[in-house]
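Peer 1: Here's a structure for you.
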Amino acid sequence: MKIRIAGITPESVVDGPGIRLVFFMQGCVHDCPGCHNPATHDLTGGREIDVAELIDQLQEAKLIRGITLSGGEPFLQAEALLPLVQAAKERGLTVTAYSGYRFEELQAKTAAAALLQYIDLLIDGRFIQEQRDLKLAFRGSANQRLVDVMKSLQQGQTVAWQEANAW
Ligand code: SF4
């Protein structure tokens with residue numbers, strides 16, 4: 001299955017805990033004023049790549065703690081991303097994802113809900129320029145949440161991710 005990507009960063013320390021392999025998805029519908037990455041908005045931009053090629057990148061990454069799905073809006077391609085997150089989990093890697101949708105909105109979408117089953121940390125919500133705060137870990141504005149997806153799914157309510165309990 002093909003995935004439309006904007007780019008790949010082999011090792012990042014700012015897109016979730018630890019060193020992470022980051023896949024930037026192409027295409028976003030949220031149009032947040034002040035977006036840090038407007039080049040990723042065009043749904044027909046970037047380039048298409050087979051998901052198998054992205055999975056190959058996992059073999060080459062030796063130092064990473066996990067992968068991060070960023071963007072763009074990763075959940076627009078939720079179905080196509082499933083094999084990638086499954087492969088990451090099989091290799092003992094953690095999965096972080098960004099989304100302009102809130103956790104509860106994603107749960108209501110079938111393909112997004114399926115992808116959530118493999119995500120550990122979700123950074124959710126649109127970027128709001130008036131709430132921009134450079135001191136926040138992993139996110140741009142104070143309205144955005146760090147969601148512990150596994151605990152949230154187990155407990156049936158949205159649970160905040162605690163860095164102290166980080167994997
Ligand atoms: S969701 Fe992210 S990529 Fe999309 S417009 Fe908002 S800040 Fe930009």
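Please note that chains go A, B, ... in the order of the structure tokens, that every chain numbers its residues from 1, and that ligands are numbered from 1 in the order shown.
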Please, which residues of chain A, numbered as in this document, come out strand (DSSP E) from DSSP, as a PyMOL selection string?
Peer 2: chain A and resi 2-12+20-25+47-50+66-70+94-99+121-124+145-148
Peer 1: With N, CA, C and O atoms retained, export the selected residues as a short mmCIF file (atom, residue, chain, number, x, y, z; two decimals), in the first residue's frame.
Peer 2:
```
data_model
loop_
_atom_site.label_atom_id
_atom_site.label_comp_id
_atom_site.auth_asym_id
_atom_site.auth_seq_id
_atom_site.Cartn_x
_atom_site.Cartn_y
_atom_site.Cartn_z
N LYS A 2 0.43 2.26 -0.71
CA LYS A 2 1.25 3.49 -0.82
C LYS A 2 0.90 4.49 0.29
O LYS A 2 -0.25 4.60 0.71
N ILE A 3 1.92 5.21 0.71
CA ILE A 3 1.77 6.28 1.70
C ILE A 3 2.36 7.54 1.09
O ILE A 3 3.42 7.49 0.45
N ARG A 4 1.68 8.65 1.30
CA ARG A 4 2.21 9.92 0.78
C ARG A 4 2.96 10.62 1.91
O ARG A 4 2.37 10.97 2.93
N ILE A 5 4.27 10.78 1.71
CA ILE A 5 5.08 11.37 2.78
C ILE A 5 5.69 12.70 2.34
O ILE A 5 5.89 12.95 1.16
N ALA A 6 5.98 13.52 3.36
CA ALA A 6 6.69 14.79 3.12
C ALA A 6 8.18 14.60 3.34
O ALA A 6 9.00 15.30 2.74
N GLY A 7 8.55 13.68 4.23
CA GLY A 7 9.97 13.45 4.50
C GLY A 7 10.17 12.49 5.65
O GLY A 7 9.22 12.05 6.29
N ILE A 8 11.44 12.18 5.90
CA ILE A 8 11.82 11.25 6.97
C ILE A 8 13.02 11.84 7.70
O ILE A 8 13.96 12.31 7.06
N THR A 9 12.98 11.84 9.03
CA THR A 9 14.14 12.23 9.83
C THR A 9 14.62 10.98 10.58
O THR A 9 13.89 10.44 11.40
N PRO A 10 15.83 10.51 10.30
CA PRO A 10 16.29 9.23 10.87
C PRO A 10 16.41 9.24 12.39
O PRO A 10 16.13 8.24 13.04
N GLU A 11 16.87 10.37 12.95
CA GLU A 11 17.05 10.44 14.40
C GLU A 11 16.65 11.82 14.90
O GLU A 11 17.30 12.81 14.57
N SER A 12 15.59 11.87 15.70
CA SER A 12 15.14 13.14 16.26
C SER A 12 14.97 12.98 17.77
O SER A 12 14.59 11.91 18.25
N ARG A 20 14.15 9.14 18.03
CA ARG A 20 13.04 8.57 17.26
C ARG A 20 13.24 8.77 15.76
O ARG A 20 13.76 9.78 15.31
N LEU A 21 12.81 7.76 15.04
CA LEU A 21 12.73 7.82 13.58
C LEU A 21 11.38 8.45 13.24
O LEU A 21 10.33 7.93 13.65
N VAL A 22 11.42 9.59 12.55
CA VAL A 22 10.18 10.35 12.33
C VAL A 22 9.75 10.30 10.86
O VAL A 22 10.55 10.60 9.97
N PHE A 23 8.51 9.90 10.66
CA PHE A 23 7.91 9.91 9.33
C PHE A 23 6.95 11.09 9.26
O PHE A 23 5.97 11.14 10.02
N PHE A 24 7.22 12.02 8.37
CA PHE A 24 6.34 13.18 8.18
C PHE A 24 5.37 12.88 7.05
O PHE A 24 5.78 12.69 5.90
N MET A 25 4.10 12.81 7.37
CA MET A 25 3.07 12.51 6.38
C MET A 25 2.71 13.76 5.59
O MET A 25 2.69 14.88 6.14
N ARG A 47 5.65 12.89 -1.83
CA ARG A 47 5.86 11.78 -2.76
C ARG A 47 5.24 10.52 -2.18
O ARG A 47 5.13 10.37 -0.96
N GLU A 48 4.84 9.65 -3.09
CA GLU A 48 4.27 8.38 -2.65
C GLU A 48 5.38 7.35 -2.49
O GLU A 48 6.32 7.30 -3.27
N ILE A 49 5.24 6.53 -1.45
CA ILE A 49 6.24 5.50 -1.18
C ILE A 49 5.49 4.27 -0.69
O ILE A 49 4.46 4.39 0.00
N ASP A 50 5.99 3.10 -1.04
CA ASP A 50 5.34 1.89 -0.57
C ASP A 50 5.62 1.71 0.93
O ASP A 50 6.74 1.95 1.39
N GLY A 66 11.95 4.50 19.27
CA GLY A 66 10.66 4.28 18.63
C GLY A 66 10.52 5.12 17.38
O GLY A 66 11.47 5.75 16.91
N ILE A 67 9.29 5.09 16.85
CA ILE A 67 9.00 5.89 15.65
C ILE A 67 7.96 6.94 16.01
O ILE A 67 7.19 6.79 16.98
N THR A 68 7.94 7.99 15.21
CA THR A 68 6.93 9.03 15.37
C THR A 68 6.26 9.30 14.03
O THR A 68 6.94 9.41 13.01
N LEU A 69 4.94 9.36 14.05
CA LEU A 69 4.16 9.76 12.87
C LEU A 69 3.81 11.22 13.04
O LEU A 69 3.09 11.59 13.97
N SER A 70 4.36 12.06 12.16
CA SER A 70 4.10 13.50 12.25
C SER A 70 3.55 13.97 10.92
O SER A 70 3.17 13.18 10.07
N THR A 94 8.47 1.83 20.39
CA THR A 94 7.27 2.55 20.79
C THR A 94 6.81 3.44 19.63
O THR A 94 7.60 3.79 18.75
N VAL A 95 5.54 3.80 19.68
CA VAL A 95 4.97 4.60 18.59
C VAL A 95 4.34 5.88 19.17
O VAL A 95 3.48 5.81 20.05
N THR A 96 4.81 7.01 18.68
CA THR A 96 4.24 8.31 19.01
C THR A 96 3.57 8.84 17.75
O THR A 96 4.07 8.61 16.65
N ALA A 97 2.43 9.52 17.91
CA ALA A 97 1.78 10.11 16.74
C ALA A 97 1.27 11.50 17.08
O ALA A 97 0.82 11.76 18.21
N TYR A 98 1.34 12.37 16.11
CA TYR A 98 0.74 13.71 16.20
C TYR A 98 -0.57 13.70 15.43
O TYR A 98 -0.72 13.00 14.42
N SER A 99 -1.53 14.51 15.89
CA SER A 99 -2.76 14.68 15.12
C SER A 99 -3.40 16.02 15.45
O SER A 99 -3.39 16.46 16.61
N LEU A 121 1.95 7.09 22.63
CA LEU A 121 1.77 8.51 22.99
C LEU A 121 1.15 9.25 21.81
O LEU A 121 1.68 9.20 20.70
N LEU A 122 0.03 9.92 22.06
CA LEU A 122 -0.62 10.77 21.05
C LEU A 122 -0.51 12.22 21.49
O LEU A 122 -0.86 12.55 22.63
N ILE A 123 0.00 13.08 20.60
CA ILE A 123 -0.02 14.52 20.86
C ILE A 123 -1.16 15.06 20.01
O ILE A 123 -1.08 15.03 18.78
N ASP A 124 -2.22 15.50 20.65
CA ASP A 124 -3.45 15.77 19.89
C ASP A 124 -3.87 17.24 19.91
O ASP A 124 -3.41 18.03 20.74
N ARG A 145 -2.56 18.10 23.86
CA ARG A 145 -2.42 17.20 25.00
C ARG A 145 -1.45 16.06 24.69
O ARG A 145 -1.31 15.65 23.54
N LEU A 146 -0.81 15.56 25.74
CA LEU A 146 -0.04 14.33 25.63
C LEU A 146 -0.94 13.23 26.19
O LEU A 146 -1.24 13.22 27.38
N VAL A 147 -1.38 12.33 25.34
CA VAL A 147 -2.34 11.30 25.74
C VAL A 147 -1.66 9.94 25.81
O VAL A 147 -1.01 9.51 24.84
N ASP A 148 -1.79 9.28 26.95
CA ASP A 148 -1.33 7.90 27.09
C ASP A 148 -2.40 7.01 26.47
O ASP A 148 -3.42 6.72 27.10
#
```
Peer 1: Contacts of A:Asp42 at 9 Å or less, counting only C-alpha atoms, minus same-chain residues fewer than 2 places along, as a JSON list (two decimals) with all heavy atoms, in the first residue's frame?
Peer 2:
```
[["chain", "number", "residue", "atom", "x", "y", "z"],
["A", 26, "GLN", "N", 2.41, 13.56, 4.32],
["A", 26, "GLN", "CA", 2.00, 14.68, 3.48],
["A", 26, "GLN", "C", 0.47, 14.76, 3.47],
["A", 26, "GLN", "O", -0.22, 13.76, 3.32],
["A", 26, "GLN", "CB", 2.52, 14.48, 2.06],
["A", 26, "GLN", "CG", 2.13, 15.57, 1.09],
["A", 26, "GLN", "CD", 2.84, 16.89, 1.38],
["A", 26, "GLN", "OE1", 3.97, 16.91, 1.86],
["A", 26, "GLN", "NE2", 2.18, 18.01, 1.11],
["A", 27, "GLY", "N", -0.05, 15.99, 3.62],
["A", 27, "GLY", "CA", -1.49, 16.21, 3.56],
["A", 27, "GLY", "C", -2.06, 16.57, 4.91],
["A", 27, "GLY", "O", -1.87, 15.85, 5.89],
["A", 28, "CYS", "N", -2.71, 17.73, 4.98],
["A", 28, "CYS", "CA", -3.38, 18.13, 6.22],
["A", 28, "CYS", "C", -4.58, 18.99, 5.88],
["A", 28, "CYS", "O", -4.53, 19.80, 4.95],
["A", 28, "CYS", "CB", -2.42, 18.89, 7.14],
["A", 28, "CYS", "SG", -3.16, 19.22, 8.76],
["A", 29, "VAL", "N", -5.66, 18.82, 6.64],
["A", 29, "VAL", "CA", -6.90, 19.55, 6.36],
["A", 29, "VAL", "C", -7.22, 20.58, 7.44],
["A", 29, "VAL", "O", -8.23, 21.27, 7.37],
["A", 29, "VAL", "CB", -8.10, 18.57, 6.25],
["A", 29, "VAL", "CG1", -7.95, 17.71, 5.00],
["A", 29, "VAL", "CG2", -8.23, 17.70, 7.50],
["A", 38, "PRO", "N", 3.71, 24.31, 6.79],
["A", 38, "PRO", "CA", 2.66, 24.46, 5.77],
["A", 38, "PRO", "C", 2.93, 23.68, 4.48],
["A", 38, "PRO", "O", 1.99, 23.36, 3.76],
["A", 38, "PRO", "CB", 2.63, 25.97, 5.50],
["A", 38, "PRO", "CG", 3.91, 26.50, 6.04],
["A", 38, "PRO", "CD", 4.32, 25.59, 7.15],
["A", 39, "ALA", "N", 4.18, 23.36, 4.21],
["A", 39, "ALA", "CA", 4.49, 22.61, 2.98],
["A", 39, "ALA", "C", 3.87, 21.22, 3.00],
["A", 39, "ALA", "O", 3.77, 20.57, 1.96],
["A", 39, "ALA", "CB", 6.00, 22.52, 2.81],
["A", 40, "THR", "N", 3.46, 20.76, 4.18],
["A", 40, "THR", "CA", 2.86, 19.41, 4.28],
["A", 40, "THR", "C", 1.35, 19.42, 4.05],
["A", 40, "THR", "O", 0.73, 18.36, 4.11],
["A", 40, "THR", "CB", 3.13, 18.79, 5.66],
["A", 40, "THR", "OG1", 2.46, 19.59, 6.66],
["A", 40, "THR", "CG2", 4.61, 18.71, 5.98],
["A", 44, "THR", "N", -1.88, 16.47, -2.43],
["A", 44, "THR", "CA", -1.27, 15.83, -3.59],
["A", 44, "THR", "C", 0.24, 16.11, -3.65],
["A", 44, "THR", "O", 0.89, 15.77, -4.64],
["A", 44, "THR", "CB", -1.92, 16.33, -4.90],
["A", 44, "THR", "OG1", -1.73, 17.74, -5.00],
["A", 44, "THR", "CG2", -3.42, 16.03, -4.90],
["A", 45, "GLY", "N", 0.79, 16.73, -2.63],
["A", 45, "GLY", "CA", 2.22, 17.07, -2.62],
["A", 45, "GLY", "C", 3.06, 15.90, -2.11],
["A", 45, "GLY", "O", 2.60, 14.77, -2.02],
["A", 46, "GLY", "N", 4.29, 16.22, -1.76],
["A", 46, "GLY", "CA", 5.20, 15.18, -1.26],
["A", 46, "GLY", "C", 5.47, 14.12, -2.30],
["A", 46, "GLY", "O", 5.48, 14.39, -3.49],
["A", 72, "GLY", "N", 1.91, 17.58, 8.57],
["A", 72, "GLY", "CA", 0.78, 16.86, 8.05],
["A", 72, "GLY", "C", -0.14, 16.22, 9.12],
["A", 72, "GLY", "O", 0.06, 16.38, 10.30]]
```
Peer 1: Within 12 Å of A:Thr110, counting only C-alpha atoms, which residues qualify if same-chain residues fewer than 3 places away don't, as a ChimeraX atom specification?
Peer 2: /A:75-79,105-107,113-117
Peer 1: Determine, counting only C-alpha atoms, which protein, DNA and RNA residues have an atom within 6 Å of an atom of stretch 61-65 of chain A; residues of the same chain fewer than 6 positions away are not included. Present the result as a list in words.
Peer 2: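 The residues satisfying every condition are Gly18, Ile19, Arg20 and Leu93 of chain A.
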Peer 1: Based on the selection just made, write N, CA and C atoms of those residues as an mmCIF file, in the first residue's frame.
Peer 2:
```cif
data_model
loop_
_atom_site.group_PDB
_atom_site.id
_atom_site.type_symbol
_atom_site.label_atom_id
_atom_site.label_comp_id
_atom_site.auth_asym_id
_atom_site.auth_seq_id
_atom_site.Cartn_x
_atom_site.Cartn_y
_atom_site.Cartn_z
ATOM 1 N N GLY A 18 13.053 10.198 23.817
ATOM 2 C CA GLY A 18 14.187 9.432 23.312
ATOM 3 C C GLY A 18 14.501 9.748 21.860
ATOM 4 N N ILE A 19 15.364 8.949 21.289
ATOM 5 C CA ILE A 19 15.736 9.122 19.875
ATOM 6 C C ILE A 19 14.692 8.404 19.022
ATOM 7 N N ARG A 20 14.152 9.143 18.033
ATOM 8 C CA ARG A 20 13.042 8.573 17.264
ATOM 9 C C ARG A 20 13.240 8.767 15.760
ATOM 10 N N LEU A 93 9.572 -1.435 19.354
ATOM 11 C CA LEU A 93 9.662 0.029 19.309
ATOM 12 C C LEU A 93 8.364 0.653 19.799
#
```
